[in-house]
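J.: This is input_31.pdb (PDB, C-alpha atoms).
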ATOM      1  CA  LYS A  33     126.955  30.570  87.795  1.00  0.00           C
ATOM      2  CA  TYR A  34     123.184  30.264  87.506  1.00  0.00           C
ATOM      3  CA  LYS A  35     122.707  26.518  86.907  1.00  0.00           C
ATOM      4  CA  CYS A  36     120.750  24.735  89.646  1.00  0.00           C
ATOM      5  CA  ASP A  37     117.655  22.661  90.206  1.00  0.00           C
ATOM      6  CA  ILE A  38     115.584  25.295  92.017  1.00  0.00           C
ATOM      7  CA  THR A  39     115.883  29.047  92.324  1.00  0.00           C
ATOM      8  CA  THR A  40     114.068  32.031  93.689  1.00  0.00           C
ATOM      9  CA  ALA A  41     114.830  35.702  94.047  1.00  0.00           C
ATOM     10  CA  GLY A  42     113.521  37.917  96.775  1.00  0.00           C
ATOM     11  CA  ASN A  43     113.706  38.940 100.381  1.00  0.00           C
ATOM     12  CA  PHE A  44     114.277  36.650 103.330  1.00  0.00           C
ATOM     13  CA  HIS A  45     110.814  36.916 104.774  1.00  0.00           C
ATOM     14  CA  SER A  46     110.169  34.572 107.686  1.00  0.00           C
ATOM     15  CA  TRP A  47     107.455  32.666 105.772  1.00  0.00           C
ATOM     16  CA  ARG A  48     109.813  32.147 102.801  1.00  0.00           C
ATOM     17  CA  VAL A  49     112.619  30.928 105.044  1.00  0.00           C
ATOM     18  CA  ALA A  50     110.188  28.564 106.796  1.00  0.00           C
ATOM     19  CA  LEU A  51     109.381  26.947 103.454  1.00  0.00           C
ATOM     20  CA  PHE A  52     112.979  26.707 102.237  1.00  0.00           C
ATOM     21  CA  GLU A  53     114.127  25.108 105.495  1.00  0.00           C
ATOM     22  CA  HIS A  54     112.143  22.032 104.369  1.00  0.00           C
ATOM     23  CA  LEU A  55     114.018  21.825 101.058  1.00  0.00           C
ATOM     24  CA  SER A  56     117.630  21.328 102.200  1.00  0.00           C
ATOM     25  CA  GLU A  57     118.003  18.138 100.127  1.00  0.00           C
ATOM     26  CA  TYR A  58     117.675  20.072  96.851  1.00  0.00           C
ATOM     27  CA  ASN A  59     120.216  22.048  94.816  1.00  0.00           C
ATOM     28  CA  ILE A  60     118.864  25.567  95.398  1.00  0.00           C
ATOM     29  CA  LYS A  61     120.146  29.027  94.577  1.00  0.00           C
ATOM     30  CA  PHE A  62     118.491  31.776  96.586  1.00  0.00           C
ATOM     31  CA  TRP A  63     119.144  35.261  95.175  1.00  0.00           C
ATOM     32  CA  GLY A  64     118.547  38.305  97.324  1.00  0.00           C
ATOM     33  CA  MET A  65     119.808  40.861  99.772  1.00  0.00           C
ATOM     34  CA  PRO A  66     121.433  39.544 102.964  1.00  0.00           C
ATOM     35  CA  PRO A  67     119.006  38.151 105.525  1.00  0.00           C
ATOM     36  CA  PRO A  68     118.438  39.969 108.806  1.00  0.00           C
ATOM     37  CA  LEU A  69     120.998  39.286 111.536  1.00  0.00           C
ATOM     38  CA  TRP A  70     118.387  37.675 113.808  1.00  0.00           C
ATOM     39  CA  MET A  71     117.329  35.083 111.244  1.00  0.00           C
ATOM     40  CA  PRO A  72     118.547  31.480 111.627  1.00  0.00           C
ATOM     41  CA  LYS A  73     120.824  30.759 108.689  1.00  0.00           C
ATOM     42  CA  LYS A  74     121.340  27.000 108.747  1.00  0.00           C
ATOM     43  CA  PHE A  75     119.250  26.514 105.595  1.00  0.00           C
ATOM     44  CA  LEU A  76     121.421  29.013 103.729  1.00  0.00           C
ATOM     45  CA  THR A  77     124.495  26.809 103.583  1.00  0.00           C
ATOM     46  CA  GLY A  78     125.325  26.440  99.913  1.00  0.00           C
ATOM     47  CA  SER A  79     122.103  27.991  98.644  1.00  0.00           C
ATOM     48  CA  TYR A  80     122.323  31.675  99.461  1.00  0.00           C
ATOM     49  CA  GLN A  81     124.153  33.577  96.708  1.00  0.00           C
ATOM     50  CA  ASN A  82     124.710  36.795  98.739  1.00  0.00           C
ATOM     51  CA  HIS A  83     123.625  38.799  95.714  1.00  0.00           C
ATOM     52  CA  ALA A  84     120.341  40.292  94.551  1.00  0.00           C
ATOM     53  CA  VAL A  85     119.448  39.876  90.870  1.00  0.00           C
ATOM     54  CA  TYR A  86     117.482  42.289  88.733  1.00  0.00           C
ATOM     55  CA  ASN A  87     116.484  42.669  85.093  1.00  0.00           C
ATOM     56  CA  GLU A  88     118.738  40.686  82.724  1.00  0.00           C
ATOM     57  CA  GLU A  89     120.594  38.988  85.552  1.00  0.00           C
ATOM     58  CA  LYS A  90     117.321  37.837  87.120  1.00  0.00           C
ATOM     59  CA  ALA A  91     116.335  36.379  83.747  1.00  0.00           C
ATOM     60  CA  LYS A  92     119.657  34.504  83.608  1.00  0.00           C
ATOM     61  CA  ALA A  93     119.128  33.201  87.147  1.00  0.00           C
ATOM     62  CA  PHE A  94     115.591  32.027  86.361  1.00  0.00           C
ATOM     63  CA  LEU A  95     116.519  30.461  83.033  1.00  0.00           C
ATOM     64  CA  GLY A  96     119.555  28.769  84.597  1.00  0.00           C
ATOM     65  CA  ALA A  97     117.322  26.841  86.989  1.00  0.00           C
ATOM     66  CA  LYS A  98     115.174  23.852  86.185  1.00  0.00           C
ATOM     67  CA  ILE A  99     112.428  25.236  88.441  1.00  0.00           C
ATOM     68  CA  VAL A 100     111.600  28.731  89.646  1.00  0.00           C
ATOM     69  CA  LEU A 101     109.944  28.283  93.034  1.00  0.00           C
ATOM     70  CA  ASN A 102     107.529  31.108  93.732  1.00  0.00           C
ATOM     71  CA  ASN A 103     106.095  30.931  97.206  1.00  0.00           C
ATOM     72  CA  LEU A 104     103.643  33.782  97.448  1.00  0.00           C
ATOM     73  CA  HIS A 105     103.213  36.009 100.473  1.00  0.00           C
ATOM     74  CA  PHE A 106     100.505  34.635 102.755  1.00  0.00           C
ATOM     75  CA  ALA A 107      98.590  37.924 102.438  1.00  0.00           C
ATOM     76  CA  GLU A 108      98.339  37.500  98.659  1.00  0.00           C
ATOM     77  CA  ILE A 109      94.970  35.864  99.013  1.00  0.00           C
ATOM     78  CA  TYR A 110      93.758  36.569  95.500  1.00  0.00           C
ATOM     79  CA  GLY A 111      96.357  37.419  92.920  1.00  0.00           C
ATOM     80  CA  LEU A 112      99.993  36.875  92.049  1.00  0.00           C
ATOM     81  CA  ASN A 113     103.262  38.681  92.600  1.00  0.00           C
ATOM     82  CA  ALA A 114     105.374  40.261  89.866  1.00  0.00           C
ATOM     83  CA  ARG A 115     107.766  37.265  89.971  1.00  0.00           C
ATOM     84  CA  ALA A 116     104.995  35.052  88.556  1.00  0.00           C
ATOM     85  CA  PHE A 117     104.768  37.205  85.439  1.00  0.00           C
ATOM     86  CA  GLU A 118     108.536  37.733  85.176  1.00  0.00           C
ATOM     87  CA  ALA A 119     109.215  33.992  85.244  1.00  0.00           C
ATOM     88  CA  ALA A 120     106.406  33.307  82.780  1.00  0.00           C
ATOM     89  CA  GLY A 121     107.443  36.135  80.466  1.00  0.00           C
ATOM     90  CA  ILE A 122     110.968  34.806  79.989  1.00  0.00           C
ATOM     91  CA  GLY A 123     109.885  31.194  79.611  1.00  0.00           C
ATOM     92  CA  SER A 124     110.891  29.695  82.951  1.00  0.00           C
ATOM     93  CA  PHE A 125     109.215  26.646  84.410  1.00  0.00           C
ATOM     94  CA  GLN A 126     107.451  27.799  87.547  1.00  0.00           C
ATOM     95  CA  LEU A 127     106.017  26.130  90.625  1.00  0.00           C
ATOM     96  CA  LEU A 128     103.907  28.509  92.650  1.00  0.00           C
ATOM     97  CA  ASP A 129     101.527  28.587  95.580  1.00  0.00           C
ATOM     98  CA  TRP A 130      97.951  27.962  94.544  1.00  0.00           C
ATOM     99  CA  ARG A 131      95.604  30.904  95.050  1.00  0.00           C
ATOM    100  CA  PRO A 132      91.938  31.441  94.193  1.00  0.00           C
ATOM    101  CA  GLY A 133      91.622  33.198  90.853  1.00  0.00           C
ATOM    102  CA  ILE A 134      94.866  31.857  89.401  1.00  0.00           C
ATOM    103  CA  GLU A 135      92.789  30.143  86.718  1.00  0.00           C
ATOM    104  CA  ASN A 136      91.975  33.619  85.344  1.00  0.00           C
ATOM    105  CA  LEU A 137      95.673  34.166  84.643  1.00  0.00           C
ATOM    106  CA  PHE A 138      97.273  30.783  83.860  1.00  0.00           C
ATOM    107  CA  THR A 139      96.105  27.223  83.325  1.00  0.00           C
ATOM    108  CA  ASP A 140      97.465  25.002  86.070  1.00  0.00           C
ATOM    109  CA  GLY A 141      99.128  21.914  84.648  1.00  0.00           C
ATOM    110  CA  VAL A 142      99.490  23.506  81.211  1.00  0.00           C
ATOM    111  CA  GLU A 143     101.228  26.869  81.728  1.00  0.00           C
ATOM    112  CA  ILE A 144     102.278  26.711  85.373  1.00  0.00           C
ATOM    113  CA  ILE A 145     102.225  24.160  88.171  1.00  0.00           C
ATOM    114  CA  THR A 146     100.794  25.052  91.567  1.00  0.00           C
ATOM    115  CA  PHE A 147     101.350  23.444  94.946  1.00  0.00           C
ATOM    116  CA  ASN A 148      99.455  23.326  98.227  1.00  0.00           C
ATOM    117  CA  GLY A 149     101.783  22.900 101.184  1.00  0.00           C
ATOM    118  CA  ILE A 150     105.194  21.320 101.770  1.00  0.00           C
ATOM    119  CA  LYS A 151     104.207  17.700 101.093  1.00  0.00           C
ATOM    120  CA  ASP A 152     102.617  18.565  97.743  1.00  0.00           C
ATOM    121  CA  LEU A 153     105.567  20.799  96.862  1.00  0.00           C
ATOM    122  CA  LYS A 154     108.107  18.029  97.444  1.00  0.00           C
ATOM    123  CA  ILE A 155     106.103  15.536  95.402  1.00  0.00           C
ATOM    124  CA  LYS A 156     105.929  18.011  92.531  1.00  0.00           C
ATOM    125  CA  LEU A 157     109.581  19.046  92.805  1.00  0.00           C
ATOM    126  CA  ASN A 158     110.667  15.409  92.615  1.00  0.00           C
ATOM    127  CA  TYR A 159     108.414  14.736  89.647  1.00  0.00           C
ATOM    128  CA  TRP A 160     109.248  17.845  87.622  1.00  0.00           C
ATOM    129  CA  LEU A 161     112.992  17.663  88.215  1.00  0.00           C
ATOM    130  CA  GLU A 162     112.896  14.296  86.429  1.00  0.00           C
ATOM    131  CA  HIS A 163     110.785  15.444  83.458  1.00  0.00           C
ATOM    132  CA  PRO A 164     112.726  18.050  81.431  1.00  0.00           C
ATOM    133  CA  ILE A 165     110.746  17.722  78.197  1.00  0.00           C
ATOM    134  CA  GLU A 166     107.429  18.292  79.955  1.00  0.00           C
ATOM    135  CA  ARG A 167     108.948  21.193  81.933  1.00  0.00           C
ATOM    136  CA  GLU A 168     110.033  22.822  78.679  1.00  0.00           C
ATOM    137  CA  LEU A 169     106.552  22.477  77.169  1.00  0.00           C
ATOM    138  CA  ILE A 170     104.960  24.127  80.198  1.00  0.00           C
ATOM    139  CA  ALA A 171     107.580  26.910  80.225  1.00  0.00           C
ATOM    140  CA  LYS A 172     106.903  27.651  76.532  1.00  0.00           C
ATOM    141  CA  ALA A 173     103.139  27.692  77.112  1.00  0.00           C
ATOM    142  CA  SER A 174     103.623  30.015  80.078  1.00  0.00           C
ATOM    143  CA  LYS A 175     105.689  32.439  78.007  1.00  0.00           C
ATOM    144  CA  LYS A 176     103.163  32.405  75.187  1.00  0.00           C
ATOM    145  CA  ARG A 177     100.306  33.199  77.589  1.00  0.00           C
ATOM    146  CA  ALA A 178     102.305  35.949  79.302  1.00  0.00           C
ATOM    147  CA  MET A 179     103.206  37.602  76.001  1.00  0.00           C
ATOM    148  CA  HIS A 180      99.614  37.416  74.715  1.00  0.00           C
ATOM    149  CA  GLU A 181      97.767  38.470  77.874  1.00  0.00           C
ATOM    150  CA  HIS A 182     100.009  39.657  80.713  1.00  0.00           C
ATOM    151  CA  THR A 183     102.257  42.496  79.570  1.00  0.00           C
ATOM    152  CA  TYR A 184     102.080  45.955  81.145  1.00  0.00           C
ATOM    153  CA  LEU A 185     100.336  47.153  77.996  1.00  0.00           C
ATOM    154  CA  HIS A 186      97.614  44.526  78.483  1.00  0.00           C
ATOM    155  CA  ARG A 187      97.180  45.483  82.151  1.00  0.00           C
ATOM    156  CA  LEU A 188      97.031  49.219  81.460  1.00  0.00           C
ATOM    157  CA  GLN A 189      94.494  48.716  78.668  1.00  0.00           C
ATOM    158  CA  LEU A 190      92.334  46.585  80.981  1.00  0.00           C
ATOM    159  CA  ILE A 191      92.446  49.302  83.651  1.00  0.00           C
ATOM    160  CA  ILE A 192      91.479  51.987  81.144  1.00  0.00           C
ATOM    161  CA  ASP A 193      88.710  49.836  79.632  1.00  0.00           C
ATOM    162  CA  THR A 194      87.378  49.026  83.108  1.00  0.00           C
ATOM    163  CA  ILE A 195      87.333  52.702  84.125  1.00  0.00           C
ATOM    164  CA  GLN A 196      85.528  53.562  80.879  1.00  0.00           C
ATOM    165  CA  GLY A 197      82.953  50.817  81.486  1.00  0.00           C
ATOM    166  CA  LYS A 198      83.984  48.742  78.461  1.00  0.00           C
ATOM    167  CA  LYS A 199      85.199  45.797  80.562  1.00  0.00           C
ATOM    168  CA  ASN A 200      84.773  44.505  84.090  1.00  0.00           C
ATOM    169  CA  GLY A 201      88.353  43.486  84.833  1.00  0.00           C
ATOM    170  CA  PHE A 202      88.881  40.093  86.427  1.00  0.00           C
ATOM    171  CA  PRO A 203      86.042  38.450  88.359  1.00  0.00           C
ATOM    172  CA  LEU A 204      86.014  38.915  92.122  1.00  0.00           C
ATOM    173  CA  PRO A 205      87.095  35.913  94.192  1.00  0.00           C
ATOM    174  CA  LYS A 206      84.742  33.597  96.030  1.00  0.00           C
ATOM    175  CA  ILE A 207      86.716  33.112  99.218  1.00  0.00           C
TER
END
Translate this file's structure into structure tokens.
T.:
Amino acid sequence: KYKCDITTAGNFHSWRVALFEHLSEYNIKFWGMPPPLWMPKKFLTGSYQNHAVYNEEKAKAFLGAKIVLNNLHFAEIYGLNARAFEAAGIGSFQLLDWRPGIENLFTDGVEIITFNGIKDLKIKLNYWLEHPIERELIAKASKKRAMHEHTYLHRLQLIIDTIQGKKNGFPLPKI
């Protein structure tokens, strides 16, 4: 049910659909609520699962795919979405949009792989789909980092320490 080359879970935002329209040659499973009626649906043929996944089922969907594709919202200028930490925390291999400051959270090329634009994404998809051993090493490193630094407990402690003046949180971006 969950096996595929590429997966994602989320809403059918126009910017997400615009990216996935360029990936019709891949075996993709897109998990989420139905798209709006006005949205063109030609890219959905065979990929849209007509079902949103949460919790354990989302973990199964992510782990059933070779690659979790995480295209961040264009307004996420500095930071990551929850999906980045969910995928990392369960040990999925993840390709995500590069953003300033990502190096404070994960090491690109070691724990995650980032992409910049459609051309770069396709090059990396083609490469990583053909390298399962390397994908597994990166997924394991991602999970280890997430468990050691990116749990809710870690985040809450950082907030408390920052409020109390013991830490400064993450550095501000240079955009």
J.: What does the structure give for the distance between CA of Leu153 in chain A and CA of His180 in chain A, in Å to one decimal?
T.: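 So the two atoms, CA of Leu153 in chain A and CA of His180 in chain A, lie 28.3 Å apart.
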J.: Quick one: everything within 12 Å of range 188-204 of chain A, counting all atoms listed in the file, minus sequence neighbours fewer than 2 positions away in the same chain. Send it as an MDAnalysis selection string.
T.: chainID A and resid 109:111 132:137 181:186 206:207
J.: Just how far from CA of Thr39 in chain A is CA of Asn158 in chain A, in Å to one decimal?
T.: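 Those two atoms sit 14.6 Å apart.
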J.: What do you get, as a PyMOL selection string, if you spell out every residue that the PyMOL selection byres ((chain A and resi 94) around 12) selects here?
T.: chain A and resi 33-41+60-63+85-93+95-102+115-116+118-126+171
J.: For CA of Ala173 in chain A and CA of Thr146 in chain A, determine how far apart the two atoms are, in Å to one decimal place.
T.: 14.9 Å
J.: Rank nothing, just name the residue among A:His54, A:His105, A:Lys175, A:Lys154 nearest to Val142 in chain A, using all atoms listed in the file.
T.: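 Looking only at the distances to Val142 in chain A, the closest residue turns out to be A:Lys175.
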J.: With the file shown as input, list the residues that the PyMOL selection byres ((chain A and resi 46) around 12) selects, as JSON, numbers by chain.
T.: {"A": [42, 43, 44, 45, 47, 48, 49, 50, 51, 52, 53, 67, 68, 70, 71, 72, 73, 103, 105, 106]}
J.: Which one of A:Lys74, A:Arg131, A:His83, A:Lys176 sits closest to Pro205 in chain A if you count only C-alpha atoms?
T.: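 Going through A:Lys74, A:Arg131, A:His83, A:Lys176 one by one, the smallest distance to Pro205 in chain A is for A:Arg131.
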J.: From the options A:Glu143, A:Gly64, A:Lys151, A:Ala114, which residue's atoms come nearest to Glu168 in chain A, counting only C-alpha atoms?
T.: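 Checking each candidate against Glu168 in chain A, we get A:Glu143 as the closest.
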